[in-house]
Amino acid sequence: MNKKLVIYVMVCLSSFLVIFNSAFAQSKKIPNKECQERYYDEVIDDVKSSFPELKTLDNPNDYVQEYTHSDLDKAMMATGGHASPYTDTVSHLFEGSFSGFPRFFVAQSDNVVENDKYDSNYVGYFLYKKTDGTDVMVKMRPGKTGWDIVDKKEKKGKITPYKCGE
């Protein structure tokens, strides 16, 4: 009789734990869209951390704008295609396979030197993570007919697991 009682208590306790754990997990679940946005931000934050010069993107004293591929498409539409030379030189970089979504940052910084070729203190950073976890930074400057690539760096980053919708 003791064995039956112990088994009965164990089954009841196990059932309670499964139900409680499931309810607890559901209460912590966030909407899929918010989860995806957090994932994309986590990926870009990891890319930023791989390149010390990108600290300027988080400097509150520097003017920084962040663009997605969708933002560039909207700029094209809003200007009736007149933004084309500059948006085209960046838009094609969004083509391919990535972990998360690539982002294009434009910073205006006092640390950027103007010269004969580049007469502004703007600098662009196209950031993305390859599917193998490699972090990539493409540094760009606005030239006469579009954004010019002036440097490209790659570093091994961490693989950020996608946990949304599981």
# chains A, B, ... in the order shown; residues from 1 in each chain; ligands from 1

$ select_by_dssp --residues "range 18-159 of chain A" --states "strand (DSSP E or B)" --output "ChimeraX atom specification"
/A:63-67,99-108,122-129,134-142,147-156

$ residues_around --residues "Met140 in chain A" --least-positions-apart "3" --cutoff "12 Å" --atoms "only C-alpha atoms" --output "CSV table (one decimal) with N, CA and C atoms, in the first residue's frame"
chain,number,residue,atom,x,y,z
A,86,TYR,N,22.6,57.6,-54.4
A,86,TYR,CA,23.1,57.3,-53.0
A,86,TYR,C,22.5,56.1,-52.5
A,89,THR,N,23.8,52.6,-54.1
A,89,THR,CA,25.1,52.2,-53.7
A,89,THR,C,25.1,51.4,-52.4
A,90,VAL,N,24.0,51.7,-51.6
A,90,VAL,CA,23.9,51.0,-50.4
A,90,VAL,C,22.9,49.8,-50.5
A,93,LEU,N,23.8,46.2,-51.1
A,93,LEU,CA,24.5,45.5,-50.0
A,93,LEU,C,23.6,44.7,-49.2
A,104,PHE,N,22.3,50.0,-41.9
A,104,PHE,CA,23.2,51.0,-42.4
A,104,PHE,C,23.1,52.2,-41.5
A,105,PHE,N,24.3,52.6,-40.9
A,105,PHE,CA,24.3,53.7,-40.0
A,105,PHE,C,25.1,54.8,-40.7
A,106,VAL,N,24.6,56.0,-40.5
A,106,VAL,CA,25.3,57.2,-41.0
A,106,VAL,C,25.6,58.1,-39.8
A,107,ALA,N,26.9,58.4,-39.6
A,107,ALA,CA,27.3,59.2,-38.4
A,107,ALA,C,27.9,60.5,-38.9
A,112,VAL,N,35.9,62.6,-38.0
A,112,VAL,CA,36.0,62.3,-39.4
A,112,VAL,C,36.6,63.5,-40.1
A,118,TYR,N,36.6,63.6,-50.1
A,118,TYR,CA,35.3,63.5,-49.3
A,118,TYR,C,35.2,64.9,-48.5
A,121,ASN,N,31.9,65.4,-43.2
A,121,ASN,CA,32.3,64.6,-42.1
A,121,ASN,C,31.4,63.5,-41.8
A,122,TYR,N,30.6,63.1,-42.8
A,122,TYR,CA,29.8,61.9,-42.7
A,122,TYR,C,30.5,60.6,-43.0
A,123,VAL,N,30.2,59.6,-42.3
A,123,VAL,CA,30.7,58.3,-42.5
A,123,VAL,C,29.6,57.3,-42.4
A,124,GLY,N,29.6,56.3,-43.2
A,124,GLY,CA,28.5,55.3,-43.2
A,124,GLY,C,29.1,53.9,-42.8
A,125,TYR,N,28.3,53.1,-42.0
A,125,TYR,CA,28.8,51.8,-41.6
A,125,TYR,C,27.6,50.8,-42.0
A,126,PHE,N,27.9,49.9,-42.9
A,126,PHE,CA,27.0,48.9,-43.2
A,126,PHE,C,27.4,47.7,-42.4
A,127,LEU,N,26.5,47.2,-41.5
A,127,LEU,CA,26.9,46.2,-40.6
A,127,LEU,C,26.0,45.0,-40.8
A,137,MET,N,31.8,44.7,-41.1
A,137,MET,CA,31.7,46.1,-41.1
A,137,MET,C,32.2,46.6,-42.4
A,143,GLY,N,30.6,59.9,-51.7
A,143,GLY,CA,31.4,60.5,-52.7
A,143,GLY,C,30.6,61.4,-53.6
A,146,GLY,N,27.8,58.7,-55.1
A,146,GLY,CA,27.2,57.7,-54.2
A,146,GLY,C,28.1,57.4,-53.1
A,147,TRP,N,27.7,56.4,-52.3
A,147,TRP,CA,28.6,56.0,-51.2
A,147,TRP,C,29.7,55.2,-51.7
A,148,ASP,N,30.9,55.5,-51.3
A,148,ASP,CA,32.1,54.8,-51.7
A,148,ASP,C,32.5,53.8,-50.5
A,149,ILE,N,32.9,52.6,-50.8
A,149,ILE,CA,33.4,51.7,-49.8
A,149,ILE,C,34.9,52.1,-49.6
A,150,VAL,N,35.2,52.4,-48.4
A,150,VAL,CA,36.6,52.8,-48.1
A,150,VAL,C,37.3,51.7,-47.2
A,151,ASP,N,36.6,50.8,-46.6
A,151,ASP,CA,37.2,49.8,-45.8
A,151,ASP,C,36.2,48.7,-45.5
A,152,LYS,N,36.7,47.5,-45.4
A,152,LYS,CA,35.8,46.3,-45.0
A,152,LYS,C,36.6,45.5,-44.1
A,153,LYS,N,35.9,45.1,-42.9
A,153,LYS,CA,36.6,44.3,-41.9
A,153,LYS,C,35.6,43.2,-41.5

$ residues_around --residues "range 44-47 of chain A" --least-positions-apart "3" --cutoff "12 Å" --atoms "only C-alpha atoms" --output "ChimeraX atom specification"
/A:37-41,50-55,57-58,66,68,98-105,125-130,133-138,153-160

$ atom_distance --atom1 "CA of Tyr63 in chain A" --atom2 "CA of Ser49 in chain A"
19.2 Å

$ decode --residues "range 135-146 of chain A" --atoms "all heavy atoms" --output "PDB file, in the first residue's frame"
ATOM      1  N   ASP A 135      31.135  38.565 -38.129  1.00  0.00           N
ATOM      2  CA  ASP A 135      30.662  39.949 -38.097  1.00  0.00           C
ATOM      3  C   ASP A 135      31.381  40.740 -39.184  1.00  0.00           C
ATOM      4  O   ASP A 135      32.593  40.602 -39.359  1.00  0.00           O
ATOM      5  CB  ASP A 135      30.941  40.574 -36.736  1.00  0.00           C
ATOM      6  CG  ASP A 135      30.147  39.909 -35.619  1.00  0.00           C
ATOM      7  OD1 ASP A 135      29.097  39.313 -35.910  1.00  0.00           O
ATOM      8  OD2 ASP A 135      30.579  39.996 -34.458  1.00  0.00           O
ATOM      9  N   VAL A 136      30.626  41.575 -39.902  1.00  0.00           N
ATOM     10  CA  VAL A 136      31.183  42.336 -41.016  1.00  0.00           C
ATOM     11  C   VAL A 136      30.824  43.816 -40.868  1.00  0.00           C
ATOM     12  O   VAL A 136      29.679  44.163 -40.564  1.00  0.00           O
ATOM     13  CB  VAL A 136      30.667  41.812 -42.376  1.00  0.00           C
ATOM     14  CG1 VAL A 136      31.282  42.592 -43.531  1.00  0.00           C
ATOM     15  CG2 VAL A 136      30.925  40.321 -42.522  1.00  0.00           C
ATOM     16  N   MET A 137      31.830  44.663 -41.082  1.00  0.00           N
ATOM     17  CA  MET A 137      31.651  46.106 -41.087  1.00  0.00           C
ATOM     18  C   MET A 137      32.183  46.636 -42.418  1.00  0.00           C
ATOM     19  O   MET A 137      33.332  46.403 -42.773  1.00  0.00           O
ATOM     20  CB  MET A 137      32.431  46.767 -39.954  1.00  0.00           C
ATOM     21  CG  MET A 137      32.350  48.290 -40.011  1.00  0.00           C
ATOM     22  SD  MET A 137      33.539  49.135 -38.967  1.00  0.00           S
ATOM     23  CE  MET A 137      35.062  48.790 -39.814  1.00  0.00           C
ATOM     24  N   VAL A 138      31.325  47.318 -43.146  1.00  0.00           N
ATOM     25  CA  VAL A 138      31.729  47.973 -44.388  1.00  0.00           C
ATOM     26  C   VAL A 138      31.672  49.470 -44.111  1.00  0.00           C
ATOM     27  O   VAL A 138      30.601  50.025 -43.852  1.00  0.00           O
ATOM     28  CB  VAL A 138      30.797  47.591 -45.563  1.00  0.00           C
ATOM     29  CG1 VAL A 138      31.220  48.313 -46.831  1.00  0.00           C
ATOM     30  CG2 VAL A 138      30.759  46.086 -45.770  1.00  0.00           C
ATOM     31  N   LYS A 139      32.830  50.116 -44.134  1.00  0.00           N
ATOM     32  CA  LYS A 139      32.909  51.553 -43.870  1.00  0.00           C
ATOM     33  C   LYS A 139      32.791  52.287 -45.199  1.00  0.00           C
ATOM     34  O   LYS A 139      33.443  51.915 -46.179  1.00  0.00           O
ATOM     35  CB  LYS A 139      34.238  51.888 -43.190  1.00  0.00           C
ATOM     36  CG  LYS A 139      34.361  53.321 -42.751  1.00  0.00           C
ATOM     37  CD  LYS A 139      35.662  53.527 -41.983  1.00  0.00           C
ATOM     38  CE  LYS A 139      35.800  54.929 -41.473  1.00  0.00           C
ATOM     39  NZ  LYS A 139      37.066  55.095 -40.719  1.00  0.00           N
ATOM     40  N   MET A 140      31.964  53.342 -45.220  1.00  0.00           N
ATOM     41  CA  MET A 140      31.698  54.067 -46.455  1.00  0.00           C
ATOM     42  C   MET A 140      31.756  55.572 -46.222  1.00  0.00           C
ATOM     43  O   MET A 140      31.555  56.038 -45.108  1.00  0.00           O
ATOM     44  CB  MET A 140      30.311  53.669 -46.981  1.00  0.00           C
ATOM     45  CG  MET A 140      30.132  52.159 -47.130  1.00  0.00           C
ATOM     46  SD  MET A 140      28.450  51.682 -47.508  1.00  0.00           S
ATOM     47  CE  MET A 140      28.468  51.939 -49.271  1.00  0.00           C
ATOM     48  N   ARG A 141      32.035  56.292 -47.308  1.00  0.00           N
ATOM     49  CA  ARG A 141      32.010  57.755 -47.284  1.00  0.00           C
ATOM     50  C   ARG A 141      31.188  58.219 -48.483  1.00  0.00           C
ATOM     51  O   ARG A 141      31.218  57.602 -49.544  1.00  0.00           O
ATOM     52  CB  ARG A 141      33.427  58.332 -47.395  1.00  0.00           C
ATOM     53  CG  ARG A 141      34.370  58.053 -46.246  1.00  0.00           C
ATOM     54  CD  ARG A 141      34.061  58.799 -44.966  1.00  0.00           C
ATOM     55  NE  ARG A 141      33.977  60.243 -45.078  1.00  0.00           N
ATOM     56  CZ  ARG A 141      35.002  61.075 -44.913  1.00  0.00           C
ATOM     57  NH1 ARG A 141      36.194  60.609 -44.603  1.00  0.00           N
ATOM     58  NH2 ARG A 141      34.823  62.367 -45.042  1.00  0.00           N
ATOM     59  N   PRO A 142      30.449  59.331 -48.325  1.00  0.00           N
ATOM     60  CA  PRO A 142      29.676  59.839 -49.459  1.00  0.00           C
ATOM     61  C   PRO A 142      30.595  60.511 -50.477  1.00  0.00           C
ATOM     62  O   PRO A 142      31.270  61.489 -50.170  1.00  0.00           O
ATOM     63  CB  PRO A 142      28.709  60.847 -48.818  1.00  0.00           C
ATOM     64  CG  PRO A 142      29.367  61.242 -47.540  1.00  0.00           C
ATOM     65  CD  PRO A 142      30.233  60.090 -47.112  1.00  0.00           C
ATOM     66  N   GLY A 143      30.623  59.919 -51.664  1.00  0.00           N
ATOM     67  CA  GLY A 143      31.438  60.470 -52.743  1.00  0.00           C
ATOM     68  C   GLY A 143      30.612  61.371 -53.646  1.00  0.00           C
ATOM     69  O   GLY A 143      29.517  61.794 -53.298  1.00  0.00           O
ATOM     70  N   LYS A 144      31.121  61.621 -54.821  1.00  0.00           N
ATOM     71  CA  LYS A 144      30.445  62.526 -55.769  1.00  0.00           C
ATOM     72  C   LYS A 144      29.175  61.910 -56.358  1.00  0.00           C
ATOM     73  O   LYS A 144      28.217  62.624 -56.649  1.00  0.00           O
ATOM     74  CB  LYS A 144      31.407  62.896 -56.902  1.00  0.00           C
ATOM     75  CG  LYS A 144      32.711  63.503 -56.415  1.00  0.00           C
ATOM     76  CD  LYS A 144      32.680  64.998 -56.486  1.00  0.00           C
ATOM     77  CE  LYS A 144      34.040  65.573 -56.131  1.00  0.00           C
ATOM     78  NZ  LYS A 144      34.049  66.224 -54.846  1.00  0.00           N
ATOM     79  N   THR A 145      29.155  60.575 -56.545  1.00  0.00           N
ATOM     80  CA  THR A 145      28.007  59.941 -57.193  1.00  0.00           C
ATOM     81  C   THR A 145      27.332  58.884 -56.328  1.00  0.00           C
ATOM     82  O   THR A 145      26.405  58.212 -56.791  1.00  0.00           O
ATOM     83  CB  THR A 145      28.444  59.275 -58.509  1.00  0.00           C
ATOM     84  OG1 THR A 145      29.447  58.288 -58.211  1.00  0.00           O
ATOM     85  CG2 THR A 145      28.978  60.297 -59.489  1.00  0.00           C
ATOM     86  N   GLY A 146      27.759  58.721 -55.116  1.00  0.00           N
ATOM     87  CA  GLY A 146      27.156  57.723 -54.236  1.00  0.00           C
ATOM     88  C   GLY A 146      28.092  57.423 -53.076  1.00  0.00           C
ATOM     89  O   GLY A 146      29.117  58.082 -52.892  1.00  0.00           O
TER      90      GLY A 146
END
